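Asks: Before I ask anything, here is the structure I am working with.
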2 protein chains.
Amino acid sequence: MTYVIPEFDQAAARAAAERLDRLTKPQGSLGRLEELAIRLAGMTGNARCRFERRTVVVMAADHGVTEEAVSAYPPEVTVQMVANFVAGGAGINVLARRAGAQVVVVDMGVRGPAAASGVLDRRLGSGTRNMLREPAMTRAQAEAAIATGRELAGQLAAGGTELLLTGEMGIGNTTAASAVTAALTGRPPAEVTGRGTGLDDAALAHKVSVVERALALHRPEPGDPVGVLAAVGGFELGGLAGLVIGAAERRIPVVLDGFITGAAALLAAALAPSCRAYLIASHRSVEPGHGAILAVLGLEPLLDLGLRLGEGTGAALALQLIDAALAVRDEMATFDEAGVSERSEG
Amino acid sequence: MTYVIPEFDQAAARAAAERLDRLTKPQGSLGRLEELAIRLAGMTGNARCRFERRTVVVMAADHGVTEEAVSAYPPEVTVQMVANFVAGGAGINVLARRAGAQVVVVDMGVRGPAAASGVLDRRLGSGTRNMLREPAMTRAQAEAAIATGRELAGQLAAGGTELLLTGEMGIGNTTAASAVTAALTGRPPAEVTGRGTGLDDAALAHKVSVVERALALHRPEPGDPVGVLAAVGGFELGGLAGLVIGAAERRIPVVLDGFITGAAALLAAALAPSCRAYLIASHRSVEPGHGAILAVLGLEPLLDLGLRLGEGTGAALALQLIDAALAVRDEMATFDEAGVSERSEG
């Protein structure tokens with residue numbers, strides 16, 4: 001599969017930078033806000049881009065590897081949290097509301113019965129299989145997960161979405177994300193596996209060992225991202241990877257959340273390297289594997305707040321910085337308009 | 001002068017922490033947002049504190065040391081920017097609007113004629129004197145600056161302000177802030193003096209030398225913060241120090257901006273150490289002296305976005321995180337309400 005990703009629009013980025021330099025502030029003094037406005041112009045091809053409709057896509061799925069006691073929470077929490085998302089009571093609901101973003105909840109393969117009402121049904125199974133015994137999914141399922149996410153990006157774009165935020169829910173998915181990250185970056189599992197929702201030292205050592213043994217069993221090839229996803233990934237990871245690709249194909253910027261959505265973006269970048277130009281890293285997760293992902297993607301996160309909730313909460317917080325950047329670009333007076341002197345030297 | 005600062009309310013902080021721990025998320029997984037909600041409860045004495053009225057106080061003043069060519073901008077920019085603040089075209093206007101904060105502009109001693117309409121007149125002179133030749137202000141002026149800021153906190157509180165954000169404008173004021181920081185922390189001027197609005201290497205070396213010579217001339221005593229302010233400070237620095245003290249006396253949290261407002265808080269903490277409990281550091285400025293200030297105040301900034309505009313812009317951006325923290329505290333469902341299982345171990 002070849003994906004056609006448009007090039008970053010240097011002219012639009014330059015036009016945004018020129019506008020920012022005429023505003024009543026020392027050039028560059030709003031730091032990363034200015035960088036954001038410039039990058040978003042290049043992504044969208046519009047120096048005055050606006051994002052009226054912004055959508056947080058929260059993809060949920062279950063993970064067979066929870067049989068190995070890799071999480072502090074029981075697996076039924078995934079479906080319970082999906083219900084919480086639909087009811088509007090989760091962290092992502094609160095933060096998305098504040099940022100004026102809608103939340104779309106996608107069942108990519110939660111355990112148990114069919115998706116609840118209010119949830120998009122894109123189920124590829126009733127959770128993945130236990131990667132410690134067999135591949136998490138078939139290659140066909142991995143391809144379907146990516147295609148599903150990519151199609152969803154198209155559907156959301158057709159509905160008017162101009163900015164995508166990524167989120168996820170899935171008890172066990174930090175284990176899958178660690179395995180994917182280790183497989184794609186070549187880093188040892190111990191360096192990219194963390195405490196997830198709150199494991200103690202012994203439980204963390206066990207989780208590292210699970211990742212090590214799963215990778216030793218499947219030996220996924222970093223040059224074959226679909227194979228990596230099938231061996232040790234998750235349905236939501238594949239779906240989010242596809243969503244990133246589908247967004248980049250349409251010049252829709254994607255605000256990543258933390259470690260899980262970062263691992264999905266790593267898969268997307270392995271499939272279509274140019275999609276990196278459309279990514280914004282919202283925050284630096286406390287998960288140790290996140291740094292390795294950001295380094296490969298060439299991204300510097302906007303926030304560093306010790307977040308480890310997931311769901312898209314960091315992305316929703318960063319959206320407020322994006323909106324601030326665009327407001328600065330559009331609402332500040334220029335030196336000419338305000339009658340303010342420019343700097344006295346060249 | 002002795003200031004009576006109420007103690008941080010541990011019971012209210014604990015009540016906020018208990019509420020946060022019942023919400024549908026792993027405990028502590030919203031990191032610094034949770035810490036913010038807890039600290040704000042302790043400051044206000046209210047586990048469900050709200051900040052309906054929030055005010056950015058932008059104090060402006062001029063600096064005699066601009067005679068020594070320490071800034072890339074001509075001194076008339078101070079008064080021009082004050083007019084821009086009143087007209088609503090500056091960065092702080094844009095970011096305060098987005099965060100639902102009013103902007104109060106205070107003339108603490110801008111050069112030239114009396115304050116423009118729309119500006120609070122608290123003038124203590126027509127700019128300070130050149131610290132390289134004589135003290136920047138008299139001891140009486142320094143005391144008046146602090147008293148003025150403290151009184152303003154009382155006036156704003158009487159008008160309903162529940163949260164204060166600090167901002168400033170004054171060509172030359174990074175030089176004064178560097179001198180104050182060096183005097184109060186004992187750090188060498190070269191470590192706490194930066195490029196301000198954008199000096200090149202030669203101009204920076206000159207600025208460091210100006211600070212060194214001013215300190216050698218006056219030898220201000222770190223145990224005498226009023227003397228430090230008089231020798232090498234600025235009217236806005238004194239006013240902001242007083243504002244911090246007046247806010248802390250009333251349990252009003254203060255969101256600091258960057259280096260200049262940090263130097264003012266350093267003065268406030270030297271006068272009344274307990275006021276540190278009421279401070280929130282919004283961001284890490286690119287000015288090198290800011291780190292020294294934050295270390296003394298025991299504060300960890302929320303944002304690190306390469307900002308160096310001042311005006312209160314970083315504080316206004318951080319206000320969005322504060323509001324997000326309070327929304328999380330109040331709007332998320334609890335485990336009981338949502339029927340979500342808690343973690344399986346203790």
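Residues in the structure tokens are numbered from 1 in each chain, the chains being A, B, ... in the order shown, and ligands are numbered from 1 in the order shown.
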Pick out the residues sitting within 12 Å of range 220-223 of chain A, and hand them over as a list of chain:residue names; count only C-alpha atoms, and ignore anything fewer than 6 positions along from it in its own chain.
Replies: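 So, after excluding close chain neighbours, the residues are A:Met131, A:Pro135, A:Ala136, A:Ala179, A:Val180, A:Thr181, A:Ala182, A:Ala183, A:Leu184, A:Thr185, A:Gly186, A:Arg187, A:Glu212, A:Ala214, A:Leu229, A:Ala230, A:Ala231, A:Val232, A:Gly233, A:Leu266, A:Leu267, A:Ala269, A:Ala270, A:Leu271, A:Ala272.
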Asks: Applying 12 Å and only C-alpha atoms, which residues near Asp200 in chain B remain after dropping the ones on its own chain fewer than 4 positions away? List them as a short mmCIF file (atom, residue, chain, number, x, y, z; two decimals) with all heavy atoms, in the first residue's frame.
Replies:
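File part28.cif, as written:
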```
data_model
loop_
_atom_site.label_atom_id
_atom_site.label_comp_id
_atom_site.auth_asym_id
_atom_site.auth_seq_id
_atom_site.Cartn_x
_atom_site.Cartn_y
_atom_site.Cartn_z
N GLU A 345 18.03 48.53 16.10
CA GLU A 345 19.14 47.98 15.30
C GLU A 345 18.62 46.95 14.30
O GLU A 345 17.48 46.55 14.37
CB GLU A 345 20.19 47.37 16.23
CG GLU A 345 19.54 46.81 17.47
CD GLU A 345 20.50 46.06 18.36
OE1 GLU A 345 21.54 45.62 17.86
OE2 GLU A 345 20.18 45.88 19.51
N GLY A 346 19.51 46.51 13.43
CA GLY A 346 19.07 45.66 12.33
C GLY A 346 18.86 44.23 12.67
O GLY A 346 19.07 43.75 13.70
N VAL B 70 21.06 49.32 26.96
CA VAL B 70 20.91 47.94 27.41
C VAL B 70 19.76 47.22 26.71
O VAL B 70 19.54 46.03 26.95
CB VAL B 70 20.69 47.87 28.94
CG1 VAL B 70 21.98 48.21 29.68
CG2 VAL B 70 19.55 48.78 29.39
N SER B 71 19.02 47.92 25.86
CA SER B 71 17.88 47.28 25.20
C SER B 71 17.94 47.47 23.71
O SER B 71 18.49 48.45 23.21
CB SER B 71 16.56 47.88 25.73
OG SER B 71 15.47 47.33 25.01
N ALA B 72 17.34 46.51 22.99
CA ALA B 72 17.27 46.60 21.53
C ALA B 72 16.19 47.59 21.10
O ALA B 72 16.13 47.97 19.93
CB ALA B 72 16.98 45.22 20.94
N GLY B 194 20.37 38.24 30.73
CA GLY B 194 20.11 37.62 29.44
C GLY B 194 19.90 38.62 28.32
O GLY B 194 20.16 39.82 28.49
N ARG B 195 19.38 38.12 27.21
CA ARG B 195 19.30 38.93 26.00
C ARG B 195 18.07 39.82 25.94
O ARG B 195 17.90 40.58 24.97
CB ARG B 195 19.33 38.02 24.77
CG ARG B 195 20.64 37.29 24.63
CD ARG B 195 20.66 36.28 23.49
NE ARG B 195 21.86 35.46 23.59
CZ ARG B 195 23.06 35.81 23.10
NH1 ARG B 195 23.20 36.95 22.46
NH2 ARG B 195 24.09 35.01 23.26
N GLY B 196 17.18 39.72 26.94
CA GLY B 196 16.00 40.58 26.95
C GLY B 196 15.21 40.42 25.67
O GLY B 196 14.89 39.30 25.26
N LEU B 204 24.97 41.86 24.88
CA LEU B 204 24.75 41.12 26.13
C LEU B 204 25.93 41.32 27.08
O LEU B 204 25.75 41.56 28.28
CB LEU B 204 24.53 39.63 25.83
CG LEU B 204 24.46 38.72 27.07
CD1 LEU B 204 23.32 39.11 28.00
CD2 LEU B 204 24.30 37.26 26.64
N ALA B 205 27.15 41.24 26.55
CA ALA B 205 28.34 41.43 27.39
C ALA B 205 28.32 42.83 28.01
O ALA B 205 28.65 43.00 29.19
CB ALA B 205 29.61 41.23 26.55
N HIS B 206 27.91 43.81 27.23
CA HIS B 206 27.79 45.17 27.74
C HIS B 206 26.75 45.24 28.86
O HIS B 206 26.97 45.86 29.91
CB HIS B 206 27.44 46.11 26.59
CG HIS B 206 27.06 47.49 27.04
ND1 HIS B 206 27.96 48.35 27.62
CD2 HIS B 206 25.86 48.14 27.04
CE1 HIS B 206 27.34 49.49 27.93
NE2 HIS B 206 26.06 49.37 27.59
N LYS B 207 25.61 44.58 28.65
CA LYS B 207 24.54 44.60 29.65
C LYS B 207 25.02 43.97 30.97
O LYS B 207 24.76 44.49 32.06
CB LYS B 207 23.32 43.86 29.09
CG LYS B 207 22.09 43.85 29.99
CD LYS B 207 20.93 43.16 29.23
CE LYS B 207 19.74 42.88 30.11
NZ LYS B 207 18.69 42.13 29.37
#
```
Asks: Could you write out, as a list of chain:residue names, all the residues of range 73-138 of chain A that DSSP marks as strand (DSSP E)?
Replies: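 Listing strand (DSSP E) positions across range 73-138 of chain A yields A:Gln102, A:Val103, A:Val104, A:Val105, A:Val106, A:Asp107, A:Met108, A:Gly109, A:Leu120, A:Asp121.
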Asks: How would the residues just chosen look if you wrote them out with N, CA, C and O atoms as an mmCIF file, in the first residue's frame?
Replies:
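This is the output file selection20.cif:
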```cif
data_model
loop_
_atom_site.group_PDB
_atom_site.id
_atom_site.type_symbol
_atom_site.label_atom_id
_atom_site.label_comp_id
_atom_site.auth_asym_id
_atom_site.auth_seq_id
_atom_site.Cartn_x
_atom_site.Cartn_y
_atom_site.Cartn_z
ATOM 1 N N GLN A 102 -15.295 18.001 19.810
ATOM 2 C CA GLN A 102 -16.217 16.879 20.002
ATOM 3 C C GLN A 102 -15.394 15.607 20.254
ATOM 4 O O GLN A 102 -14.250 15.494 19.827
ATOM 5 N N VAL A 103 -16.004 14.663 20.953
ATOM 6 C CA VAL A 103 -15.349 13.384 21.243
ATOM 7 C C VAL A 103 -16.085 12.290 20.468
ATOM 8 O O VAL A 103 -17.300 12.134 20.607
ATOM 9 N N VAL A 104 -15.339 11.578 19.647
ATOM 10 C CA VAL A 104 -15.895 10.435 18.921
ATOM 11 C C VAL A 104 -15.250 9.178 19.503
ATOM 12 O O VAL A 104 -14.025 9.043 19.485
ATOM 13 N N VAL A 105 -16.084 8.301 20.043
ATOM 14 C CA VAL A 105 -15.584 7.085 20.679
ATOM 15 C C VAL A 105 -15.747 5.929 19.696
ATOM 16 O O VAL A 105 -16.826 5.729 19.138
ATOM 17 N N VAL A 106 -14.672 5.207 19.470
ATOM 18 C CA VAL A 106 -14.661 4.141 18.477
ATOM 19 C C VAL A 106 -14.333 2.823 19.158
ATOM 20 O O VAL A 106 -13.285 2.705 19.801
ATOM 21 N N ASP A 107 -15.195 1.858 19.016
ATOM 22 C CA ASP A 107 -14.912 0.505 19.502
ATOM 23 C C ASP A 107 -14.147 -0.231 18.408
ATOM 24 O O ASP A 107 -14.714 -0.635 17.397
ATOM 25 N N MET A 108 -12.848 -0.379 18.615
ATOM 26 C CA MET A 108 -12.012 -1.089 17.643
ATOM 27 C C MET A 108 -11.933 -2.578 17.978
ATOM 28 O O MET A 108 -11.342 -3.349 17.203
ATOM 29 N N GLY A 109 -12.488 -2.961 19.119
ATOM 30 C CA GLY A 109 -12.407 -4.369 19.500
ATOM 31 C C GLY A 109 -12.318 -4.530 21.008
ATOM 32 O O GLY A 109 -11.363 -5.118 21.520
ATOM 33 N N LEU A 120 -18.971 4.391 17.911
ATOM 34 C CA LEU A 120 -18.815 3.929 16.529
ATOM 35 C C LEU A 120 -18.334 2.483 16.551
ATOM 36 O O LEU A 120 -17.306 2.180 17.150
ATOM 37 N N ASP A 121 -19.030 1.625 15.855
ATOM 38 C CA ASP A 121 -18.680 0.198 15.834
ATOM 39 C C ASP A 121 -17.716 -0.080 14.685
ATOM 40 O O ASP A 121 -18.099 -0.065 13.516
#
```
Asks: Find the spatial neighbours of range 282-288 of chain A, counting only C-alpha atoms, within a cut-off of 8 Å - ignore same-chain residues fewer than 4 positions away - and output them as a PyMOL selection string.
Replies: chain A and resi 191-196+255-259+292+301-308+314-315+317-318
Asks: Need to verify the contact set: Asn93 in chain A, 10 Å, only C-alpha atoms, exclusion of same-chain residues closer than 5 positions in sequence. Can you return it as a list in words?
Replies: Val56, Asn84, Phe85, Val86, Ala87, Gly88, Arg98, Ala99, Ala101, Gln102, Val103, Glu311, Gly312, Thr313 and Ala316 of chain A; Val328, Glu331 and Met332 of chain B
Asks: Generate the output file for the selected residues, N, CA, C and O atoms, as a PDB file, in the first residue's frame.
Replies:
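Final output, saved to out_26.pdb:
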```pdb
ATOM      1  N   VAL A  56     -11.789  14.846  18.784  1.00  0.00           N
ATOM      2  CA  VAL A  56     -10.946  13.892  19.496  1.00  0.00           C
ATOM      3  C   VAL A  56     -11.471  12.502  19.169  1.00  0.00           C
ATOM      4  O   VAL A  56     -12.630  12.191  19.461  1.00  0.00           O
ATOM      5  N   ASN A  84     -18.354   5.454  30.202  1.00  0.00           N
ATOM      6  CA  ASN A  84     -18.081   6.754  30.841  1.00  0.00           C
ATOM      7  C   ASN A  84     -17.833   7.841  29.786  1.00  0.00           C
ATOM      8  O   ASN A  84     -18.318   8.970  29.910  1.00  0.00           O
ATOM      9  N   PHE A  85     -17.126   7.495  28.713  1.00  0.00           N
ATOM     10  CA  PHE A  85     -16.900   8.460  27.621  1.00  0.00           C
ATOM     11  C   PHE A  85     -18.239   8.883  27.010  1.00  0.00           C
ATOM     12  O   PHE A  85     -18.467  10.049  26.714  1.00  0.00           O
ATOM     13  N   VAL A  86     -19.100   7.884  26.790  1.00  0.00           N
ATOM     14  CA  VAL A  86     -20.392   8.180  26.155  1.00  0.00           C
ATOM     15  C   VAL A  86     -21.247   9.035  27.087  1.00  0.00           C
ATOM     16  O   VAL A  86     -21.958   9.947  26.641  1.00  0.00           O
ATOM     17  N   ALA A  87     -21.144   8.782  28.388  1.00  0.00           N
ATOM     18  CA  ALA A  87     -21.922   9.556  29.357  1.00  0.00           C
ATOM     19  C   ALA A  87     -21.325  10.942  29.600  1.00  0.00           C
ATOM     20  O   ALA A  87     -21.971  11.812  30.178  1.00  0.00           O
ATOM     21  N   GLY A  88     -20.078  11.153  29.162  1.00  0.00           N
ATOM     22  CA  GLY A  88     -19.470  12.484  29.304  1.00  0.00           C
ATOM     23  C   GLY A  88     -18.767  12.715  30.625  1.00  0.00           C
ATOM     24  O   GLY A  88     -18.463  13.864  30.961  1.00  0.00           O
ATOM     25  N   ARG A  98     -13.927  21.869  27.284  1.00  0.00           N
ATOM     26  CA  ARG A  98     -13.276  23.161  27.524  1.00  0.00           C
ATOM     27  C   ARG A  98     -12.600  23.685  26.260  1.00  0.00           C
ATOM     28  O   ARG A  98     -12.494  24.893  26.067  1.00  0.00           O
ATOM     29  N   ALA A  99     -12.119  22.775  25.423  1.00  0.00           N
ATOM     30  CA  ALA A  99     -11.384  23.185  24.227  1.00  0.00           C
ATOM     31  C   ALA A  99     -12.290  23.237  22.993  1.00  0.00           C
ATOM     32  O   ALA A  99     -11.812  23.454  21.886  1.00  0.00           O
ATOM     33  N   ALA A 101     -13.972  20.832  21.504  1.00  0.00           N
ATOM     34  CA  ALA A 101     -13.778  19.688  20.599  1.00  0.00           C
ATOM     35  C   ALA A 101     -14.849  18.638  20.870  1.00  0.00           C
ATOM     36  O   ALA A 101     -15.253  18.422  22.010  1.00  0.00           O
ATOM     37  N   GLN A 102     -15.295  18.001  19.810  1.00  0.00           N
ATOM     38  CA  GLN A 102     -16.217  16.879  20.002  1.00  0.00           C
ATOM     39  C   GLN A 102     -15.394  15.607  20.254  1.00  0.00           C
ATOM     40  O   GLN A 102     -14.250  15.494  19.827  1.00  0.00           O
ATOM     41  N   VAL A 103     -16.004  14.663  20.953  1.00  0.00           N
ATOM     42  CA  VAL A 103     -15.349  13.384  21.243  1.00  0.00           C
ATOM     43  C   VAL A 103     -16.085  12.290  20.468  1.00  0.00           C
ATOM     44  O   VAL A 103     -17.300  12.134  20.607  1.00  0.00           O
ATOM     45  N   GLU A 311      -6.390   8.773  26.919  1.00  0.00           N
ATOM     46  CA  GLU A 311      -7.740   9.165  26.478  1.00  0.00           C
ATOM     47  C   GLU A 311      -7.728  10.321  25.484  1.00  0.00           C
ATOM     48  O   GLU A 311      -8.759  10.650  24.918  1.00  0.00           O
ATOM     49  N   GLY A 312      -6.567  10.992  25.335  1.00  0.00           N
ATOM     50  CA  GLY A 312      -6.507  12.218  24.542  1.00  0.00           C
ATOM     51  C   GLY A 312      -6.448  13.463  25.416  1.00  0.00           C
ATOM     52  O   GLY A 312      -6.509  14.587  24.908  1.00  0.00           O
ATOM     53  N   THR A 313      -6.294  13.271  26.728  1.00  0.00           N
ATOM     54  CA  THR A 313      -6.354  14.425  27.638  1.00  0.00           C
ATOM     55  C   THR A 313      -5.224  15.427  27.377  1.00  0.00           C
ATOM     56  O   THR A 313      -5.453  16.637  27.416  1.00  0.00           O
ATOM     57  N   ALA A 316      -6.054  17.408  24.261  1.00  0.00           N
ATOM     58  CA  ALA A 316      -7.090  18.425  24.491  1.00  0.00           C
ATOM     59  C   ALA A 316      -6.505  19.636  25.208  1.00  0.00           C
ATOM     60  O   ALA A 316      -6.867  20.782  24.914  1.00  0.00           O
TER      61      ALA A 316
ATOM     62  N   VAL B 328     -11.682  19.580  35.736  1.00  0.00           N
ATOM     63  CA  VAL B 328     -11.477  18.157  36.026  1.00  0.00           C
ATOM     64  C   VAL B 328     -12.019  17.834  37.418  1.00  0.00           C
ATOM     65  O   VAL B 328     -12.781  16.884  37.616  1.00  0.00           O
ATOM     66  N   GLU B 331     -16.053  18.312  37.241  1.00  0.00           N
ATOM     67  CA  GLU B 331     -16.938  17.776  36.210  1.00  0.00           C
ATOM     68  C   GLU B 331     -16.745  16.304  35.913  1.00  0.00           C
ATOM     69  O   GLU B 331     -17.596  15.688  35.273  1.00  0.00           O
ATOM     70  N   MET B 332     -15.607  15.733  36.332  1.00  0.00           N
ATOM     71  CA  MET B 332     -15.408  14.305  36.054  1.00  0.00           C
ATOM     72  C   MET B 332     -16.303  13.461  36.955  1.00  0.00           C
ATOM     73  O   MET B 332     -16.590  13.822  38.094  1.00  0.00           O
TER      74      MET B 332
END
```
Asks: Can you pull out the residues contacting Gly160 in chain A? Cut-off 10 Å, using only C-alpha atoms, and skip same-chain residues under 4 positions away; I want them as a count of residues only.
Replies: 8
Asks: B:Thr261, B:Gln27, B:Thr334, B:Thr166: which is nearest Ser178 in chain B, counting only C-alpha atoms?
Replies: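 With only C-alpha atoms as the atom set, the closest residue is B:Thr261.
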Asks: To one decimal place in Å, what is the distance between CA of Gly238 in chain A and CA of Ala158 in chain A?
Replies: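 Computed distance, CA of Gly238 in chain A to CA of Ala158 in chain A, equals 21.5 Å.
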